[in-house]
$ cat model.txt   # compact mmCIF, C-alpha atoms
# COMPACT_ATOMS: atom_id res chain seq x y z
CA ASP A 1 132.66 -3.50 93.76
CA VAL A 2 131.33 -0.81 96.05
CA LYS A 3 128.39 0.90 94.36
CA VAL A 4 127.33 3.52 96.91
CA THR A 5 130.22 5.31 98.54
CA GLN A 6 130.00 7.61 101.53
CA SER A 7 133.02 9.86 101.82
CA SER A 8 133.51 9.73 105.57
CA ARG A 9 133.11 6.67 107.77
CA TYR A 10 133.62 8.51 111.06
CA LEU A 11 133.37 12.22 111.84
CA VAL A 12 133.64 14.18 115.06
CA LYS A 13 132.34 17.74 114.98
CA ARG A 14 131.59 20.46 117.49
CA THR A 15 128.21 22.00 118.20
CA GLY A 16 127.46 24.75 115.72
CA GLU A 17 129.81 23.52 113.00
CA LYS A 18 128.60 23.04 109.44
CA VAL A 19 128.82 19.42 108.37
CA PHE A 20 128.80 17.93 104.88
CA LEU A 21 128.15 14.26 104.27
CA GLU A 22 128.83 13.15 100.73
CA CYS A 23 127.40 10.18 98.87
CA VAL A 24 128.25 8.96 95.38
CA GLN A 25 126.68 6.09 93.43
CA ASP A 26 127.89 4.54 90.21
CA MET A 27 124.73 2.68 89.16
CA ASP A 28 123.11 5.56 87.25
CA HIS A 29 120.20 5.51 89.71
CA GLU A 30 117.66 8.32 89.61
CA ASN A 31 116.62 8.06 93.27
CA MET A 32 118.87 8.82 96.20
CA PHE A 33 118.05 8.86 99.89
CA TRP A 34 119.49 9.91 103.23
CA TYR A 35 118.46 7.92 106.29
CA ARG A 36 119.37 8.29 109.91
CA GLN A 37 119.81 5.12 112.00
CA ASP A 38 119.36 5.18 115.76
CA PRO A 39 118.94 2.15 118.07
CA GLY A 40 115.30 1.33 118.65
CA LEU A 41 114.14 3.82 116.03
CA GLY A 42 115.10 1.98 112.88
CA LEU A 43 115.92 3.84 109.69
CA ARG A 44 114.24 7.22 109.39
CA LEU A 45 114.14 9.08 106.11
CA ILE A 46 115.61 12.59 106.20
CA TYR A 47 115.44 13.64 102.54
CA PHE A 48 115.29 12.02 99.17
CA SER A 49 115.82 13.07 95.57
CA TYR A 50 114.31 11.57 92.44
CA ASP A 51 116.23 13.70 89.95
CA VAL A 52 119.05 16.18 89.67
CA LYS A 53 118.26 19.39 91.56
CA MET A 54 115.05 17.84 92.90
CA LYS A 55 114.53 17.08 96.58
CA GLU A 56 111.71 15.99 98.82
CA LYS A 57 111.45 16.08 102.60
CA GLY A 58 111.31 12.80 104.38
CA ASP A 59 110.00 12.15 107.87
CA ILE A 60 112.65 14.06 109.87
CA PRO A 61 114.04 16.92 107.70
CA GLU A 62 114.39 19.49 110.48
CA GLY A 63 117.97 20.67 110.91
CA TYR A 64 119.11 19.18 107.60
CA SER A 65 119.32 20.22 103.97
CA VAL A 66 120.49 18.41 100.84
CA SER A 67 122.06 19.11 97.50
CA ARG A 68 121.98 17.17 94.29
CA GLU A 69 123.85 18.99 91.55
CA LYS A 70 124.84 15.82 89.68
CA LYS A 71 122.97 12.57 89.22
CA GLU A 72 125.57 10.46 90.97
CA ARG A 73 126.10 12.69 94.02
CA PHE A 74 123.76 13.49 96.91
CA SER A 75 125.00 15.57 99.82
CA LEU A 76 123.51 15.94 103.28
CA ILE A 77 124.22 19.23 105.05
CA LEU A 78 123.90 20.06 108.72
CA GLU A 79 123.97 23.85 108.78
CA SER A 80 124.66 24.04 112.52
CA ALA A 81 125.34 20.67 114.09
CA SER A 82 123.73 19.86 117.43
CA THR A 83 124.37 17.03 119.87
CA ASN A 84 121.03 15.41 119.04
CA GLN A 85 122.28 14.90 115.50
CA THR A 86 124.87 12.43 116.73
CA SER A 87 123.92 9.32 114.77
CA MET A 88 124.70 6.91 111.95
CA TYR A 89 123.79 8.33 108.56
CA LEU A 90 123.07 6.00 105.67
CA CYS A 91 122.86 6.98 102.03
CA ALA A 92 121.01 4.77 99.56
CA SER A 93 120.03 4.77 95.91
CA SER A 94 117.48 3.00 93.73
CA PRO A 95 116.30 3.01 90.13
CA GLN A 96 113.58 5.35 88.93
CA PHE A 97 110.15 4.89 90.47
CA ALA A 98 107.87 2.63 88.44
CA MET A 99 110.86 0.83 86.95
CA PRO A 100 111.71 -2.78 87.82
CA GLY A 101 113.60 -2.90 91.08
CA ALA A 102 112.67 0.70 91.84
CA ASN A 103 112.09 0.03 95.51
CA VAL A 104 115.26 -1.99 96.06
CA LEU A 105 117.71 0.17 97.95
CA THR A 106 121.47 -0.15 97.71
CA PHE A 107 123.01 1.32 100.82
CA GLY A 108 126.33 2.92 101.51
CA ALA A 109 128.50 1.80 104.41
CA GLY A 110 127.31 4.64 106.62
CA SER A 111 128.83 7.72 108.23
CA ARG A 112 128.95 7.78 112.00
CA LEU A 113 128.75 11.38 113.16
CA THR A 114 129.51 12.46 116.70
CA VAL A 115 128.68 16.03 117.68
CA LEU A 116 130.38 17.24 120.86
CA GLY B 1 101.75 8.90 106.07
CA GLU B 2 102.77 5.29 106.40
CA ASN B 3 103.74 3.95 109.82
CA VAL B 4 105.42 0.57 110.34
CA GLU B 5 105.62 -1.18 113.68
CA GLN B 6 108.03 -4.09 114.17
CA HIS B 7 108.16 -6.69 116.96
CA PRO B 8 110.00 -7.95 118.86
CA SER B 9 112.88 -5.52 119.28
CA THR B 10 115.20 -8.36 120.35
CA LEU B 11 114.92 -12.08 119.75
CA SER B 12 117.17 -14.86 120.93
CA VAL B 13 116.79 -18.42 119.63
CA GLN B 14 118.74 -21.65 119.80
CA GLU B 15 120.62 -22.68 116.71
CA GLY B 16 118.41 -24.87 114.58
CA ASP B 17 115.16 -23.40 115.90
CA SER B 18 112.88 -21.06 113.94
CA ALA B 19 112.61 -17.29 114.30
CA VAL B 20 109.61 -15.12 113.46
CA ILE B 21 109.58 -11.33 113.22
CA LYS B 22 106.31 -9.46 112.72
CA CYS B 23 105.43 -6.07 111.26
CA THR B 24 102.23 -4.09 110.89
CA TYR B 25 101.64 -1.16 108.56
CA SER B 26 99.03 1.57 108.50
CA ASP B 27 98.54 2.60 104.85
CA SER B 28 96.41 0.11 102.94
CA ALA B 29 97.82 1.55 99.69
CA SER B 30 101.30 0.17 100.44
CA ASN B 31 102.13 -2.48 97.89
CA TYR B 32 105.73 -3.50 98.48
CA PHE B 33 107.19 -5.10 101.61
CA PRO B 34 110.93 -5.82 101.78
CA TRP B 35 113.10 -7.20 104.54
CA TYR B 36 116.67 -5.99 105.06
CA LYS B 37 119.40 -7.67 107.07
CA GLN B 38 122.19 -5.65 108.68
CA GLU B 39 125.12 -7.60 110.07
CA LEU B 40 127.29 -5.94 112.69
CA GLY B 41 129.28 -3.08 111.18
CA LYS B 42 127.85 -3.61 107.69
CA ARG B 43 125.29 -1.95 105.48
CA PRO B 44 121.66 -3.17 105.28
CA GLN B 45 121.04 -5.58 102.43
CA LEU B 46 117.79 -6.84 100.95
CA ILE B 47 117.14 -10.49 101.76
CA ILE B 48 113.58 -11.01 100.57
CA ASP B 49 110.61 -8.95 99.45
CA ILE B 50 106.95 -9.45 98.64
CA ARG B 51 104.40 -7.49 96.68
CA SER B 52 100.77 -7.00 97.64
CA ASN B 53 99.44 -9.39 95.00
CA VAL B 54 101.23 -12.33 96.65
CA GLY B 55 100.46 -13.90 100.03
CA GLU B 56 103.68 -15.79 100.63
CA LYS B 57 107.19 -16.03 99.23
CA LYS B 58 109.98 -18.41 100.13
CA ASP B 59 113.71 -18.45 99.46
CA GLN B 60 115.50 -21.43 100.98
CA ARG B 61 115.34 -21.00 104.78
CA ILE B 62 113.57 -17.65 104.77
CA ALA B 63 109.95 -16.89 103.97
CA VAL B 64 107.69 -13.88 104.16
CA THR B 65 103.92 -13.91 104.56
CA LEU B 66 101.55 -11.01 103.96
CA ASN B 67 98.03 -10.51 105.28
CA LYS B 68 96.63 -7.48 103.48
CA THR B 69 93.34 -7.53 105.33
CA ALA B 70 95.04 -7.31 108.71
CA LYS B 71 97.88 -5.16 107.33
CA HIS B 72 100.65 -7.25 108.72
CA PHE B 73 103.54 -9.25 107.34
CA SER B 74 106.09 -11.56 108.87
CA LEU B 75 109.57 -12.93 108.29
CA HIS B 76 110.17 -16.60 109.07
CA ILE B 77 113.65 -18.08 109.34
CA THR B 78 113.87 -21.85 109.74
CA GLU B 79 116.83 -23.97 110.87
CA THR B 80 118.62 -20.88 112.16
CA GLN B 81 122.39 -20.69 111.94
CA PRO B 82 124.95 -18.43 113.67
CA GLU B 83 125.30 -16.34 110.50
CA ASP B 84 121.63 -15.38 110.82
CA SER B 85 122.57 -13.21 113.81
CA ALA B 86 121.93 -9.61 112.70
CA VAL B 87 119.48 -6.75 112.88
CA TYR B 88 116.47 -7.22 110.60
CA PHE B 89 114.33 -4.38 109.29
CA CYS B 90 110.95 -4.63 107.66
CA ALA B 91 109.61 -1.85 105.45
CA ALA B 92 106.50 -0.88 103.54
CA SER B 93 106.09 1.42 100.60
CA ILE B 94 104.09 2.82 97.76
CA GLN B 95 107.15 4.70 96.50
CA LYS B 96 109.54 5.61 99.29
CA LEU B 97 110.24 3.00 101.96
CA VAL B 98 109.18 3.43 105.57
CA PHE B 99 111.14 1.14 107.88
CA GLY B 100 110.24 -0.59 111.11
CA GLN B 101 112.28 -0.14 114.27
CA GLY B 102 114.42 -3.22 113.72
CA THR B 103 114.82 -6.60 115.46
CA ARG B 104 118.14 -7.75 116.84
CA LEU B 105 118.23 -11.51 116.30
CA THR B 106 120.79 -13.56 118.21
CA ILE B 107 121.35 -17.22 117.44
CA ASN B 108 122.72 -19.13 120.42
CA PRO B 109 124.96 -22.13 119.65
$ encode --input "model.txt" --output "structure tokens"
Amino acid sequence: DVKVTQSSRYLVKRTGEKVFLECVQDMDHENMFWYRQDPGLGLRLIYFSYDVKMKEKGDIPEGYSVSREKKERFSLILESASTNQTSMYLCASSPQFAMPGANVLTFGAGSRLTVL
Amino acid sequence: GENVEQHPSTLSVQEGDSAVIKCTYSDSASNYFPWYKQELGKRPQLIIDIRSNVGEKKDQRIAVTLNKTAKHFSLHITETQPEDSAVYFCAASIQKLVFGQGTRLTINP
């Protein structure tokens, strides 16, 4: 019963390519998040969205953009991939802020991106 | 913004012994402190959390303590088992979560 699905588990791209990472959740959650996971750096927030068409920058938004056209789907876009964006990308969702369980994140399985 | 520091980065204990992982946070307004466990090749999953109006919470072999004055909180795992081997992340939040750097815990048989 997978609840947060990331479309690609592994991707290999070349420097300068445009990259789309897709995330879909089926829990009717308002909040969706994109994190980047690197060894020794933990999980760092790239962008998050608390409603359709709404987005907020996280701690490391440079080089990334996002799109949320539908409640269940949150896309991470790398306009021009660079080697320092080689990483594991994790999508997560949670209920609306101020609701019970609002802070509890449900993560996707991750997308490992390699930029050559 | 909030900053969370987590120590140690790696921890190795004998099966049956206890393990303690510590985190400090910077924003005194943070009011929610979860711990996530990530087994090898799997997604992070919440194992225990605590809110700022509580000093300690226990769930079987795991417990979390919170010291609001000192702005630190800790995860305690007793009677460790091989399946406890994983990377553990602490986090702090008012709304969005800020994670620590992670601790790789290895349980030696």
$ residues_near_point --input "model.txt" --point "(102.8, 7.4, 111.3)" --cutoff "10 Å" --atoms "only C-alpha atoms" --output "list in words"
Asp59 of chain A; Gly1, Glu2, Asn3, Val4, Glu5, Tyr25, Ser26, Asp27 and Val98 of chain B
$ closest_atom_pairs --input "model.txt" --of "chain A" --to "chain B" --cutoff "6 Å" --atoms "all atoms listed in the file" --output "JSON lines"
{"residue": "A:Gly40", "atom": "CA", "partner": "B:Gln101", "partner_atom": "CA", "distance": 5.5}
{"residue": "A:Leu41", "atom": "CA", "partner": "B:Gln101", "partner_atom": "CA", "distance": 4.7}
{"residue": "A:Gly42", "atom": "CA", "partner": "B:Gln101", "partner_atom": "CA", "distance": 3.8}
{"residue": "A:Leu43", "atom": "CA", "partner": "B:Phe99", "partner_atom": "CA", "distance": 5.8}
{"residue": "A:Ala109", "atom": "CA", "partner": "B:Arg43", "partner_atom": "CA", "distance": 5.1}
$ residues_near_point --input "model.txt" --point "(111.1, -17.6, 112.3)" --cutoff "10 Å" --atoms "all atoms listed in the file" --output "ChimeraX atom specification"
/B:13,17-22,61-64,74-80
$ atom_distance --input "model.txt" --atom1 "atom CA of A:His29" --atom2 "atom CA of A:Arg112"
24.1 Å
$ residues_around --input "model.txt" --residues "A:Glu79" --least-positions-apart "5" --cutoff "12 Å" --atoms "all atoms listed in the file" --output "PyMOL selection string"
chain A and resi 15-21+62-66+85
$ atom_distance --input "model.txt" --atom1 "atom CA of B:Gly55" --atom2 "atom CA of B:Asn67"
6.7 Å
$ closest_residue --input "model.txt" --among "A:Ser49, A:Gln6, A:Ser75, A:Gly58" --to "A:Tyr35" --atoms "only C-alpha atoms"
A:Gly58
$ closest_residue --input "model.txt" --among "B:Gln14, B:Val54, B:Thr106, B:Asp59" --to "B:Glu83" --atoms "only C-alpha atoms"
B:Thr106
$ atom_distance --input "model.txt" --atom1 "atom CA of A:Gln37" --atom2 "atom CA of A:Met88"
5.2 Å
$ axis_aligned_box --input "model.txt" --around "stretch 92-106 of chain B" --padding-each-side "4 Å" --output "lines of an AutoDock Vina configuration file"
center_x = 112.4
center_y = -4.0
center_z = 107.4
size_x = 24.7
size_y = 27.2
size_z = 29.7
$ closest_residue --input "model.txt" --among "B:Ile48, B:Ser85, B:Leu11, B:His72" --to "B:Pro109" --atoms "only C-alpha atoms"
B:Ser85
$ closest_residue --input "model.txt" --among "A:Leu78, A:Val4, A:Val104, A:Cys91" --to "A:Trp34" --atoms "all atoms listed in the file"
A:Cys91
